[in-house]
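Below is the file entry-v2.txt, which contains compact mmCIF, C-alpha atoms.
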```txt
# COMPACT_ATOMS: atom_id res chain seq x y z
CA MET A 161 -6.84 23.64 -0.04
CA ASP A 162 -6.45 20.22 1.63
CA ARG A 163 -8.13 18.65 -1.38
CA LEU A 164 -5.75 20.29 -3.83
CA SER A 165 -2.73 19.27 -1.72
CA ALA A 166 -4.01 15.69 -1.53
CA LEU A 167 -4.62 15.63 -5.29
CA LEU A 168 -1.07 16.82 -6.00
CA VAL A 169 0.41 14.34 -3.51
CA GLY A 170 -1.60 11.62 -5.28
CA VAL A 171 -0.30 12.64 -8.71
CA VAL A 172 3.34 12.42 -7.58
CA MET A 173 2.68 9.20 -5.64
CA GLY A 174 1.02 7.61 -8.69
CA ALA A 175 3.99 8.53 -10.87
CA LEU A 176 6.48 7.15 -8.30
CA LEU A 177 4.58 3.86 -7.92
CA GLN A 178 4.45 3.50 -11.70
CA ARG A 179 8.15 4.28 -12.17
CA VAL A 180 9.32 1.85 -9.48
CA ARG A 181 7.00 -0.82 -11.02
CA ALA A 182 5.03 -1.32 -7.82
CA SER A 183 1.90 -1.39 -10.00
CA ASP A 184 3.15 -4.53 -11.77
CA PRO A 185 1.64 -7.51 -9.89
CA GLY A 186 4.47 -9.75 -11.15
CA VAL A 187 7.00 -7.47 -9.42
CA ILE A 188 4.99 -7.62 -6.17
CA ALA A 189 4.84 -11.44 -6.33
CA ARG A 190 8.60 -11.62 -6.89
CA ASN A 191 9.19 -9.28 -3.94
CA LEU A 192 7.05 -11.47 -1.68
CA ARG A 193 8.97 -14.55 -2.92
CA LEU A 194 12.11 -12.56 -1.97
CA GLU A 195 13.51 -13.00 -5.50
CA ASP A 196 13.57 -9.25 -6.11
CA LEU A 197 13.61 -6.81 -3.18
CA SER A 198 13.20 -3.58 -5.18
CA ILE A 199 9.75 -2.65 -3.80
CA ILE A 200 10.57 -3.69 -0.23
CA LYS A 201 13.73 -1.55 -0.39
CA PHE A 202 11.77 1.32 -1.98
CA MET A 203 9.23 1.25 0.87
CA ALA A 204 11.88 0.91 3.59
CA THR A 205 13.86 3.86 2.16
CA ALA A 206 10.70 5.99 2.01
CA ILE A 207 9.95 5.20 5.67
CA ALA A 208 13.52 6.00 6.79
CA VAL A 209 13.64 9.33 4.94
CA GLY A 210 10.07 10.30 5.88
CA ALA A 211 10.49 9.45 9.58
CA VAL A 212 13.60 11.62 9.98
CA ILE A 213 12.01 14.59 8.20
CA VAL A 214 8.70 14.33 10.07
CA SER A 215 10.32 13.96 13.50
CA LEU A 216 12.63 16.94 12.90
CA ALA A 217 9.92 19.09 11.29
CA GLY A 218 7.71 18.35 14.30
CA LEU A 219 10.14 20.27 16.49
CA VAL A 220 9.55 23.54 14.66
CA LEU A 221 6.38 23.24 12.58
CA PRO A 222 2.74 22.30 13.22
CA LEU A 223 2.11 18.90 11.59
CA HIS A 224 -1.02 17.01 10.60
CA LEU A 225 0.03 13.84 12.40
CA ASP A 226 -2.50 11.03 12.64
CA ILE A 227 -1.35 8.03 14.68
CA LYS A 228 -3.70 5.07 14.20
CA PRO A 229 -4.74 3.17 17.33
CA ALA A 230 -3.05 -0.20 17.85
CA TYR A 231 -6.07 -2.45 18.53
CA LEU A 232 -3.82 -5.46 18.18
CA VAL A 233 -6.36 -8.17 17.26
CA GLY A 234 -7.84 -6.14 14.40
CA VAL A 235 -4.54 -4.63 13.20
CA LEU A 236 -2.62 -7.92 13.18
CA GLY A 237 -5.61 -9.93 11.90
CA GLY A 238 -6.19 -7.37 9.15
CA GLY A 239 -2.51 -7.48 8.23
CA LEU A 240 -2.59 -11.28 7.97
CA VAL A 241 -5.65 -11.17 5.69
CA PHE A 242 -4.08 -8.35 3.65
CA GLY A 243 -0.87 -10.37 3.14
CA VAL A 244 -2.77 -13.30 1.57
CA GLY A 245 -4.57 -10.96 -0.83
CA PHE A 246 -1.38 -9.04 -1.59
CA ALA A 247 0.40 -12.24 -2.65
CA LEU A 248 -2.58 -13.69 -4.52
CA GLY A 249 -3.48 -10.62 -6.58
CA GLY A 250 -0.17 -8.76 -6.61
CA PHE A 251 -1.92 -5.45 -5.98
CA CYS A 252 -2.38 -3.15 -3.00
CA PRO A 253 -5.24 -0.64 -2.70
CA GLY A 254 -3.19 2.13 -4.35
CA THR A 255 -1.26 0.18 -6.96
CA CYS A 256 -4.41 -1.27 -8.55
CA VAL A 257 -5.56 2.32 -9.18
CA VAL A 258 -2.19 3.09 -10.79
CA GLY A 259 -2.42 -0.21 -12.72
CA LEU A 260 -5.84 0.82 -14.05
CA ALA A 261 -4.39 4.16 -15.20
CA GLU A 262 -1.57 2.33 -17.00
CA GLY A 263 -4.05 0.12 -18.83
CA ARG A 264 -3.35 -3.17 -17.04
CA ARG A 265 -6.24 -5.51 -17.82
CA ASP A 266 -6.12 -7.28 -14.43
CA ALA A 267 -6.16 -4.03 -12.37
CA PRO A 268 -9.92 -3.31 -12.74
CA TRP A 269 -10.64 -6.81 -11.38
CA ALA A 270 -8.62 -6.00 -8.26
CA LEU A 271 -10.51 -2.69 -7.91
CA VAL A 272 -13.90 -4.40 -8.26
CA GLY A 273 -12.73 -7.03 -5.76
CA GLY A 274 -11.76 -4.23 -3.40
CA ILE A 275 -15.16 -2.56 -3.71
CA ALA A 276 -16.80 -5.93 -3.02
CA GLY A 277 -14.51 -6.36 0.00
CA ALA A 278 -15.50 -2.90 1.29
CA LEU A 279 -19.20 -3.75 0.81
CA VAL A 280 -18.95 -7.07 2.66
CA PHE A 281 -16.94 -5.35 5.42
CA THR A 282 -19.63 -2.67 5.75
CA LEU A 283 -22.35 -5.36 5.99
CA LEU A 284 -20.43 -7.34 8.63
CA TYR A 285 -19.15 -4.34 10.61
CA GLU A 286 -21.80 -4.01 13.31
CA LEU A 287 -22.22 -7.73 13.96
CA VAL A 288 -18.72 -9.15 13.55
CA VAL A 289 -16.07 -6.42 13.35
CA ALA A 290 -17.09 -3.80 15.94
CA PRO A 291 -16.98 -6.30 18.86
CA LEU A 292 -13.41 -7.33 17.85
CA LEU A 293 -11.96 -3.83 17.77
CA PRO A 294 -11.69 -3.09 21.51
CA LEU A 295 -9.73 -6.35 22.07
CA LEU A 296 -6.09 -5.72 23.12
CA ASN A 297 -6.32 -2.04 22.23
CA VAL A 298 -3.17 -0.28 23.42
CA GLY A 299 -4.19 3.02 21.78
CA LYS A 300 -2.32 5.56 19.68
CA VAL A 301 1.15 4.49 20.74
CA THR A 302 4.45 5.25 18.99
CA LEU A 303 7.82 3.59 19.28
CA ALA A 304 9.09 6.81 20.93
CA ASP A 305 6.41 6.46 23.65
CA LEU A 306 7.39 2.83 24.25
CA VAL A 307 11.10 3.50 24.75
CA HIS A 308 10.59 6.92 26.43
CA LEU A 309 12.99 8.73 24.11
CA PRO A 310 12.52 11.83 21.90
CA ALA A 311 10.98 11.07 18.48
CA PRO A 312 13.90 12.50 16.40
CA LEU A 313 16.33 10.20 18.22
CA VAL A 314 14.15 7.12 17.68
CA ALA A 315 13.44 8.05 14.04
CA GLY A 316 17.15 8.64 13.42
CA ALA A 317 18.13 5.29 14.93
CA MET A 318 15.40 3.50 12.96
CA ALA A 319 16.51 5.21 9.74
CA VAL A 320 20.15 4.21 10.28
CA VAL A 321 19.16 0.58 10.87
CA ILE A 322 16.80 0.48 7.87
CA LEU A 323 19.27 2.13 5.48
CA ALA A 324 22.16 -0.07 6.65
CA VAL A 325 20.07 -3.20 6.03
CA VAL A 326 18.68 -2.20 2.61
CA ALA A 327 22.11 -1.04 1.41
CA ARG A 328 23.58 -4.47 2.19
CA LEU A 329 20.78 -6.63 0.81
CA PRO A 330 21.00 -7.59 -2.87
CA THR A 331 18.14 -6.20 -4.99
CA VAL A 332 17.87 -9.30 -7.16
CA ARG A 333 18.49 -12.79 -5.77
CA GLY A 334 21.96 -14.09 -6.57
CA GLN A 335 23.35 -10.62 -7.04
CA ARG A 336 25.97 -9.77 -4.41
CA ARG A 337 25.86 -6.01 -4.04
CA SER A 338 22.85 -3.77 -4.36
CA SER A 339 22.52 -1.99 -7.66
CA MET Z 41 -8.17 -20.70 -23.58
CA ASN Z 42 -5.58 -17.98 -23.58
CA VAL Z 43 -2.27 -19.15 -22.24
CA LEU Z 44 -0.62 -16.45 -20.19
CA PRO Z 45 3.06 -15.66 -20.50
CA LYS Z 46 5.02 -15.78 -17.27
CA SER Z 47 5.55 -12.33 -15.78
CA VAL Z 48 9.10 -11.14 -16.43
CA LEU Z 49 10.87 -7.92 -15.64
CA PRO Z 50 11.39 -5.59 -18.58
CA ALA Z 51 15.07 -5.42 -19.47
CA GLU Z 52 16.87 -2.84 -17.38
CA VAL Z 53 18.30 0.00 -19.39
CA PRO Z 54 21.68 0.75 -17.83
CA ARG Z 55 22.08 4.46 -17.32
CA ALA Z 56 25.53 5.93 -17.64
CA GLY Z 57 26.88 6.91 -14.24
CA ALA Z 58 23.78 5.78 -12.36
CA ALA Z 59 25.46 5.32 -8.99
CA ILE Z 60 22.20 5.56 -7.04
CA PRO Z 61 19.90 2.59 -7.64
CA GLU Z 62 16.36 3.35 -8.77
CA TRP Z 63 14.70 1.99 -5.59
CA ALA Z 64 16.84 4.34 -3.46
CA ARG Z 65 16.20 7.42 -5.61
CA LEU Z 66 12.46 6.83 -5.93
CA GLY Z 67 12.22 5.65 -2.30
CA ALA Z 68 13.85 8.85 -1.02
CA LEU Z 69 11.43 10.88 -3.17
CA PHE Z 70 8.50 8.89 -1.77
CA GLY Z 71 9.77 9.61 1.76
CA LEU Z 72 9.93 13.33 0.98
CA LEU Z 73 6.41 13.13 -0.46
CA SER Z 74 4.90 11.34 2.54
CA ALA Z 75 6.56 13.87 4.89
CA ALA Z 76 5.30 16.77 2.73
CA SER Z 77 1.81 15.29 2.88
CA ILE Z 78 1.90 15.22 6.71
CA LEU Z 79 3.07 18.84 6.62
CA LEU Z 80 0.37 19.95 4.16
CA TRP Z 81 -2.85 18.11 5.05
CA GLY Z 82 -2.31 14.69 6.62
CA PRO Z 83 -0.70 11.28 6.13
CA ILE Z 84 -1.24 9.50 2.81
CA GLY Z 85 -3.80 6.70 2.82
CA VAL Z 86 -5.81 4.93 0.15
CA SER Z 87 -8.00 2.13 1.51
CA SER Z 88 -10.58 4.34 3.29
CA THR Z 89 -11.75 5.62 -0.09
CA TYR Z 90 -13.17 2.17 -1.00
CA PRO Z 91 -15.85 2.10 1.75
CA ARG Z 92 -16.54 5.82 1.13
CA LEU Z 93 -17.22 4.96 -2.51
CA VAL Z 94 -19.51 2.12 -1.40
CA GLY Z 95 -21.16 4.57 1.03
CA ALA Z 96 -21.76 7.14 -1.71
CA ALA Z 97 -23.41 4.47 -3.90
CA LEU Z 98 -25.56 3.14 -1.04
CA ARG Z 99 -26.64 6.63 0.05
CA TRP Z 100 -28.00 7.02 -3.46
CA LEU Z 101 -29.56 3.55 -3.73
CA ALA Z 102 -30.79 3.07 -0.17
CA PRO Z 103 -30.47 6.37 1.72
CA GLY Z 104 -32.36 5.17 4.80
CA TRP Z 105 -30.23 2.06 5.27
CA ALA Z 106 -26.95 3.84 4.50
CA GLY Z 107 -27.81 6.66 6.90
CA ALA Z 108 -28.25 4.13 9.71
CA ASN Z 109 -25.18 1.97 8.98
CA PRO Z 110 -22.62 2.71 11.72
CA TYR Z 111 -19.56 2.04 9.53
CA LEU Z 112 -20.71 4.26 6.66
CA VAL Z 113 -21.56 7.02 9.14
CA LYS Z 114 -18.13 6.63 10.77
CA MET Z 115 -16.30 6.82 7.41
CA GLY Z 116 -18.22 9.91 6.27
CA GLU Z 117 -18.73 11.54 2.89
CA LEU Z 118 -16.69 10.83 -0.24
CA ALA Z 119 -15.52 14.46 -0.45
CA LYS Z 120 -12.48 13.84 1.78
CA PRO Z 121 -8.88 14.72 0.84
CA GLU Z 122 -8.08 10.97 0.57
CA SER Z 123 -10.53 10.63 -2.33
CA PHE Z 124 -8.66 13.39 -4.16
CA LEU Z 125 -5.41 11.55 -3.48
CA VAL Z 126 -6.85 8.47 -5.20
CA LEU Z 127 -7.91 10.64 -8.15
CA GLY Z 128 -4.31 11.91 -8.22
CA LEU Z 129 -3.02 8.32 -8.37
CA LEU Z 130 -5.01 7.82 -11.57
CA ILE Z 131 -3.60 11.00 -13.12
CA GLY Z 132 0.00 10.38 -11.98
CA GLY Z 133 -0.03 6.72 -13.00
CA PHE Z 134 -1.45 7.57 -16.41
CA ALA Z 135 1.01 10.43 -17.01
CA ALA Z 136 4.06 8.42 -15.89
CA SER Z 137 3.20 5.45 -18.12
CA ARG Z 138 2.55 7.70 -21.13
CA PHE Z 139 5.67 9.83 -20.69
CA SER Z 140 7.85 6.75 -20.39
CA ARG Z 141 6.26 5.38 -23.61
CA GLN Z 142 6.01 1.88 -22.25
CA PRO Z 143 3.69 -0.40 -24.22
CA ALA Z 144 0.37 -1.11 -22.48
CA PRO Z 145 1.24 -4.05 -20.24
CA SER Z 146 -0.75 -7.19 -21.02
CA PRO Z 147 -1.67 -9.47 -18.12
CA ALA Z 148 1.01 -12.01 -17.27
CA ALA Z 149 0.85 -14.95 -14.88
CA ILE Z 150 2.31 -14.01 -11.52
CA HIS Z 151 2.06 -17.56 -10.13
CA PRO Z 152 2.54 -20.85 -12.04
CA GLY Z 153 -1.12 -21.72 -11.37
CA GLU Z 154 -2.40 -18.78 -13.43
CA THR Z 155 -2.52 -20.71 -16.69
CA SER Z 156 -5.23 -18.60 -18.32
CA ARG Z 157 -6.28 -14.98 -18.44
CA MET Z 158 -9.43 -15.81 -16.45
CA LEU Z 159 -7.34 -17.24 -13.62
CA ARG Z 160 -5.24 -14.04 -13.49
CA TYR Z 161 -8.43 -11.98 -13.29
CA ARG Z 162 -9.84 -14.31 -10.63
CA ASP Z 163 -6.70 -13.93 -8.49
CA ALA Z 164 -6.74 -10.14 -8.99
CA PHE Z 165 -10.40 -10.04 -7.88
CA LEU Z 166 -9.89 -12.28 -4.83
CA GLY Z 167 -6.68 -10.46 -3.92
CA GLY Z 168 -8.47 -7.10 -4.22
CA PHE Z 169 -11.26 -8.37 -1.98
CA LEU Z 170 -8.85 -9.58 0.72
CA ILE Z 171 -6.59 -6.50 0.75
CA ILE Z 172 -9.50 -4.12 1.26
CA PHE Z 173 -11.23 -6.36 3.81
CA GLY Z 174 -7.96 -6.76 5.71
CA ALA Z 175 -7.07 -3.07 5.44
CA ARG Z 176 -10.46 -1.97 6.75
CA LEU Z 177 -10.20 -4.44 9.63
CA ALA Z 178 -6.79 -3.00 10.51
CA GLY Z 179 -7.77 0.62 9.78
CA GLY Z 180 -5.21 1.22 7.03
CA CYS Z 181 -3.24 -0.33 4.17
CA THR Z 182 0.24 -0.31 2.69
CA SER Z 183 0.19 3.48 2.48
CA GLY Z 184 -1.82 4.42 5.59
CA HIS Z 185 -0.37 1.87 8.02
CA ILE Z 186 3.03 0.88 6.59
CA ILE Z 187 4.33 4.06 4.91
CA SER Z 188 2.52 6.81 6.87
CA GLY Z 189 2.20 4.79 10.07
CA ILE Z 190 5.81 3.74 10.49
CA THR Z 191 6.97 7.17 9.26
CA GLN Z 192 5.17 8.52 12.37
CA LEU Z 193 6.77 5.67 14.42
CA SER Z 194 3.34 4.20 15.18
CA LEU Z 195 3.17 0.76 16.77
CA SER Z 196 0.04 -0.09 14.76
CA GLY Z 197 1.91 0.39 11.46
CA MET Z 198 4.69 -1.94 12.58
CA VAL Z 199 2.23 -4.63 13.75
CA PHE Z 200 0.31 -4.38 10.47
CA ALA Z 201 3.51 -4.63 8.40
CA ALA Z 202 4.59 -7.73 10.35
CA GLY Z 203 1.23 -9.37 9.59
CA VAL Z 204 1.30 -8.44 5.90
CA PHE Z 205 4.78 -9.76 5.24
CA ALA Z 206 4.24 -12.92 7.34
CA THR Z 207 1.30 -14.19 5.27
CA GLY Z 208 2.40 -12.39 2.09
CA ILE Z 209 5.73 -14.22 1.92
CA LEU Z 210 4.18 -17.53 3.00
CA THR Z 211 1.34 -17.29 0.45
CA ALA Z 212 3.63 -16.23 -2.40
CA ARG Z 213 5.90 -19.22 -1.74
CA MET Z 214 2.99 -21.67 -1.46
CA LEU Z 215 1.53 -20.41 -4.75
CA GLN Z 216 4.94 -20.79 -6.40
CA ARG Z 217 5.30 -24.41 -5.23
CA GLY Z 218 1.72 -25.64 -5.34
CA GLY Z 219 0.70 -24.14 -8.64
CA ARG Z 220 2.35 -26.46 -11.13
```
Could you write out this file's structure as structure tokens?
Amino acid sequence: MDRLSALLVGVVMGALLQRVRASDPGVIARNLRLEDLSIIKFMATAIAVGAVIVSLAGLVLPLHLDIKPAYLVGVLGGGLVFGVGFALGGFCPGTCVVGLAEGRRDAPWALVGGIAGALVFTLLYELVVAPLLPLLNVGKVTLADLVHLPAPLVAGAMAVVILAVVARLPTVRGQRRSS
Amino acid sequence: MNVLPKSVLPAEVPRAGAAIPEWARLGALFGLLSAASILLWGPIGVSSTYPRLVGAALRWLAPGWAGANPYLVKMGELAKPESFLVLGLLIGGFAASRFSRQPAPSPAAIHPGETSRMLRYRDAFLGGFLIIFGARLAGGCTSGHIISGITQLSLSGMVFAAGVFATGILTARMLQRGGR
């Protein structure tokens, strides 16, 4: 049942990423150069909407939450490495799969690169990575835990801030209002 | 040597009465989807499938070694819901591109330095390597840490996103300036 749900979520997610052009590496590069903010605004909107629904649903329904631990050295270090690759290739782990499905000729190279990255990571894990992971580990912490407020309140405030910012930012550089 | 065209946005087709911009409409749908996923089976995430795929191949090629590798043991078998999500991405991406009848996109230079098709493929390969290495170091990627993580208000997702956009923006600007 979980597998079928995940498959269906993947189908819709693949279609959304394709429609918003997140699978186009040129669009990703322009977003990271801040010339076009369409994907950044798409992601921020998804987070705002998702956070409000999840925090409210959590009050009445059992959820399959999975908070990842914040081992700060690995999480920040990994993010910094990811950012370089994201800008260089213009793909993320999901969009290169969508790009392959669309028939982009550069997408399979990103996928093969990703498999090579996973292999090298696996080979280095025990010796290099595992000792780094316990450094500055603050655990499975949420913003609600940090400010000692109920999750729906924090999610609502975050959503208001995010939506107010993305509504005011232009989507394409030089354009005054978002459209 | 093939000279690559510079990547350009396809012309926007203005839709009559489209008051809601596309990023907002699709973004809200993506938010609904990620929330639905947490309700149904768990948060969306993609990057863990890469080492599981490597693990499946190594268990076949070198079962003894793979069975003793702590990371492959930790990540587990390929038959996880996340692997089915990745399969779904292939189906959804294919269907959406076919239904919209867009021509098969040919590779375009995303930085001025990508003056040939080989250089675009090289950057895609190196970029793919770094995103998966970085995501596995952090324990998640754009979907697992940024979308699902921050949706659950997790600190780790916010720290990861800060790292990604710090070097992502810096690298994209350096490639734009240094590549000519």
For segment 119-127 of chain Z: contacts at 12 Å, all atoms listed in the file, fewer than 6 positions along chain excluded, given as a ChimeraX atom specification: /A:161-174,253-258,260-261 /Z:74,77,80-93,95-96,133-134,183-184
Keeping C-alpha atoms, export the residues of the selection given above as a PDB file, keeping the file's coordinate frame.
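part-v5.pdb written:
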```pdb
ATOM      1  CA  MET A 161      -6.840  23.640  -0.040  1.00  0.00           C
ATOM      2  CA  ASP A 162      -6.450  20.220   1.630  1.00  0.00           C
ATOM      3  CA  ARG A 163      -8.130  18.650  -1.380  1.00  0.00           C
ATOM      4  CA  LEU A 164      -5.750  20.290  -3.830  1.00  0.00           C
ATOM      5  CA  SER A 165      -2.730  19.270  -1.720  1.00  0.00           C
ATOM      6  CA  ALA A 166      -4.010  15.690  -1.530  1.00  0.00           C
ATOM      7  CA  LEU A 167      -4.620  15.630  -5.290  1.00  0.00           C
ATOM      8  CA  LEU A 168      -1.070  16.820  -6.000  1.00  0.00           C
ATOM      9  CA  VAL A 169       0.410  14.340  -3.510  1.00  0.00           C
ATOM     10  CA  GLY A 170      -1.600  11.620  -5.280  1.00  0.00           C
ATOM     11  CA  VAL A 171      -0.300  12.640  -8.710  1.00  0.00           C
ATOM     12  CA  VAL A 172       3.340  12.420  -7.580  1.00  0.00           C
ATOM     13  CA  MET A 173       2.680   9.200  -5.640  1.00  0.00           C
ATOM     14  CA  GLY A 174       1.020   7.610  -8.690  1.00  0.00           C
ATOM     15  CA  PRO A 253      -5.240  -0.640  -2.700  1.00  0.00           C
ATOM     16  CA  GLY A 254      -3.190   2.130  -4.350  1.00  0.00           C
ATOM     17  CA  THR A 255      -1.260   0.180  -6.960  1.00  0.00           C
ATOM     18  CA  CYS A 256      -4.410  -1.270  -8.550  1.00  0.00           C
ATOM     19  CA  VAL A 257      -5.560   2.320  -9.180  1.00  0.00           C
ATOM     20  CA  VAL A 258      -2.190   3.090 -10.790  1.00  0.00           C
ATOM     21  CA  LEU A 260      -5.840   0.820 -14.050  1.00  0.00           C
ATOM     22  CA  ALA A 261      -4.390   4.160 -15.200  1.00  0.00           C
TER      23      ALA A 261
ATOM     24  CA  SER Z  74       4.900  11.340   2.540  1.00  0.00           C
ATOM     25  CA  SER Z  77       1.810  15.290   2.880  1.00  0.00           C
ATOM     26  CA  LEU Z  80       0.370  19.950   4.160  1.00  0.00           C
ATOM     27  CA  TRP Z  81      -2.850  18.110   5.050  1.00  0.00           C
ATOM     28  CA  GLY Z  82      -2.310  14.690   6.620  1.00  0.00           C
ATOM     29  CA  PRO Z  83      -0.700  11.280   6.130  1.00  0.00           C
ATOM     30  CA  ILE Z  84      -1.240   9.500   2.810  1.00  0.00           C
ATOM     31  CA  GLY Z  85      -3.800   6.700   2.820  1.00  0.00           C
ATOM     32  CA  VAL Z  86      -5.810   4.930   0.150  1.00  0.00           C
ATOM     33  CA  SER Z  87      -8.000   2.130   1.510  1.00  0.00           C
ATOM     34  CA  SER Z  88     -10.580   4.340   3.290  1.00  0.00           C
ATOM     35  CA  THR Z  89     -11.750   5.620  -0.090  1.00  0.00           C
ATOM     36  CA  TYR Z  90     -13.170   2.170  -1.000  1.00  0.00           C
ATOM     37  CA  PRO Z  91     -15.850   2.100   1.750  1.00  0.00           C
ATOM     38  CA  ARG Z  92     -16.540   5.820   1.130  1.00  0.00           C
ATOM     39  CA  LEU Z  93     -17.220   4.960  -2.510  1.00  0.00           C
ATOM     40  CA  GLY Z  95     -21.160   4.570   1.030  1.00  0.00           C
ATOM     41  CA  ALA Z  96     -21.760   7.140  -1.710  1.00  0.00           C
ATOM     42  CA  GLY Z 133      -0.030   6.720 -13.000  1.00  0.00           C
ATOM     43  CA  PHE Z 134      -1.450   7.570 -16.410  1.00  0.00           C
ATOM     44  CA  SER Z 183       0.190   3.480   2.480  1.00  0.00           C
ATOM     45  CA  GLY Z 184      -1.820   4.420   5.590  1.00  0.00           C
TER      46      GLY Z 184
END
```
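Counting only C-alpha atoms, segment 201-217 of chain Z has the following residues at most 9 Å away, ignoring those fewer than 6 positions along the same chain: Ala189, Arg190, Asn191, Leu192, Arg193, Leu194, Val235, Leu236, Gly237, Gly238, Gly239, Leu240, Val241, Phe242, Gly243, Val244, Gly245, Phe246, Ala247 and Leu248 of chain A; Ile150, His151, Pro152, Gly153, Thr182, His185, Ile186 and Ile190 of chain Z.
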Separation of atom CA of Val209 of chain A from atom CA of Gly132 of chain Z, in Å and rounded to one decimal: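 Calculated distance between atom CA of Val209 of chain A and atom CA of Gly132 of chain Z is 21.8 Å.
Each of A:Ala175, A:Met203, A:Val187, A:Arg265 was compared to Pro147 of chain Z using only C-alpha atoms, and A:Arg265 turns out to be the nearest.
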Shell of 10 Å around Leu296 of chain A, only C-alpha atoms, local chain residues under 6 positions omitted, as number ranges by chain: A: 230-234
Based on the selection just made, write C-alpha atoms of those residues as a compact mmCIF listing (two decimals), in the frame of the given file.
```txt
# COMPACT_ATOMS: atom_id res chain seq x y z
CA ALA A 230 -3.05 -0.20 17.85
CA TYR A 231 -6.07 -2.45 18.53
CA LEU A 232 -3.82 -5.46 18.18
CA VAL A 233 -6.36 -8.17 17.26
CA GLY A 234 -7.84 -6.14 14.40
```
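You can rank A:Gly277, A:Gly218, A:Gly299, A:Gly259 by their closest distance to chain Z using all atoms listed in the file, and at the top of that list sits A:Gly277.
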Among the residues Z:Val199, Z:Ile172, Z:Ala59, Z:Leu101, the one that comes closest to Val301 of chain A [using all atoms listed in the file]: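 Nearest to Val301 of chain A: Z:Val199.
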Å distance separating atom CA of Cys252 of chain A from atom CA of Phe173 of chain Z, one decimal place: 11.6 Å
Selected residue of minimal separation from chain A among Z:Pro143, Z:Gly67, Z:Val113, Z:Ser156, counting all atoms listed in the file: Z:Gly67
Point-to-point distance in Å for atom CA of Glu262 of chain A and atom CA of Asp184 of chain A: 9.8 Å
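Of the listed residues (Z:Leu159, Z:Leu44, Z:Ala108, Z:Leu195), Z:Leu195 comes nearest to chain A; the distances count all atoms listed in the file.
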Using only C-alpha atoms: which of Z:Ser137, Z:Asn109, Z:Pro103, Z:Ile131 has the shortest distance to Arg181 of chain A: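 Of the candidates, the smallest distance to Arg181 of chain A is held by Z:Ser137.
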Close residues, Ile227 of chain A itself excluded, 8 Å, all atoms listed in the file, min 3 positions apart in chain, as a PyMOL selection string: (chain A and resi 300-302) or (chain Z and resi 189+192+194)
Leu193 of chain Z surroundings by only C-alpha atoms, 10 Å radius, close-in-sequence under 2 positions cut, as a PyMOL selection string: (chain A and resi 207+211+214-215+227+301-305+311+314-315+318) or (chain Z and resi 186-191+195-198)
Residue list as a count of residues only for point (-4.7, -10.3, -9.4), cut-off 8 Å, all atoms listed in the file: 18
Protein/DNA/RNA residues near (6.3, 16.0, 10.3), cut 7 Å, all atoms listed in the file, as a ChimeraX atom specification: /A:213-218,223,225 /Z:75,78-79
Hey, can you spit out that residue selection with C-alpha atoms as a short mmCIF file (atom, residue, chain, number, x, y, z; two decimals), in the coordinates of the input?
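The resulting file, out-v3.cif, is reproduced below:
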```
data_model
loop_
_atom_site.label_atom_id
_atom_site.label_comp_id
_atom_site.auth_asym_id
_atom_site.auth_seq_id
_atom_site.Cartn_x
_atom_site.Cartn_y
_atom_site.Cartn_z
CA ILE A 213 12.01 14.59 8.20
CA VAL A 214 8.70 14.33 10.07
CA SER A 215 10.32 13.96 13.50
CA LEU A 216 12.63 16.94 12.90
CA ALA A 217 9.92 19.09 11.29
CA GLY A 218 7.71 18.35 14.30
CA LEU A 223 2.11 18.90 11.59
CA LEU A 225 0.03 13.84 12.40
CA ALA Z 75 6.56 13.87 4.89
CA ILE Z 78 1.90 15.22 6.71
CA LEU Z 79 3.07 18.84 6.62
#
```
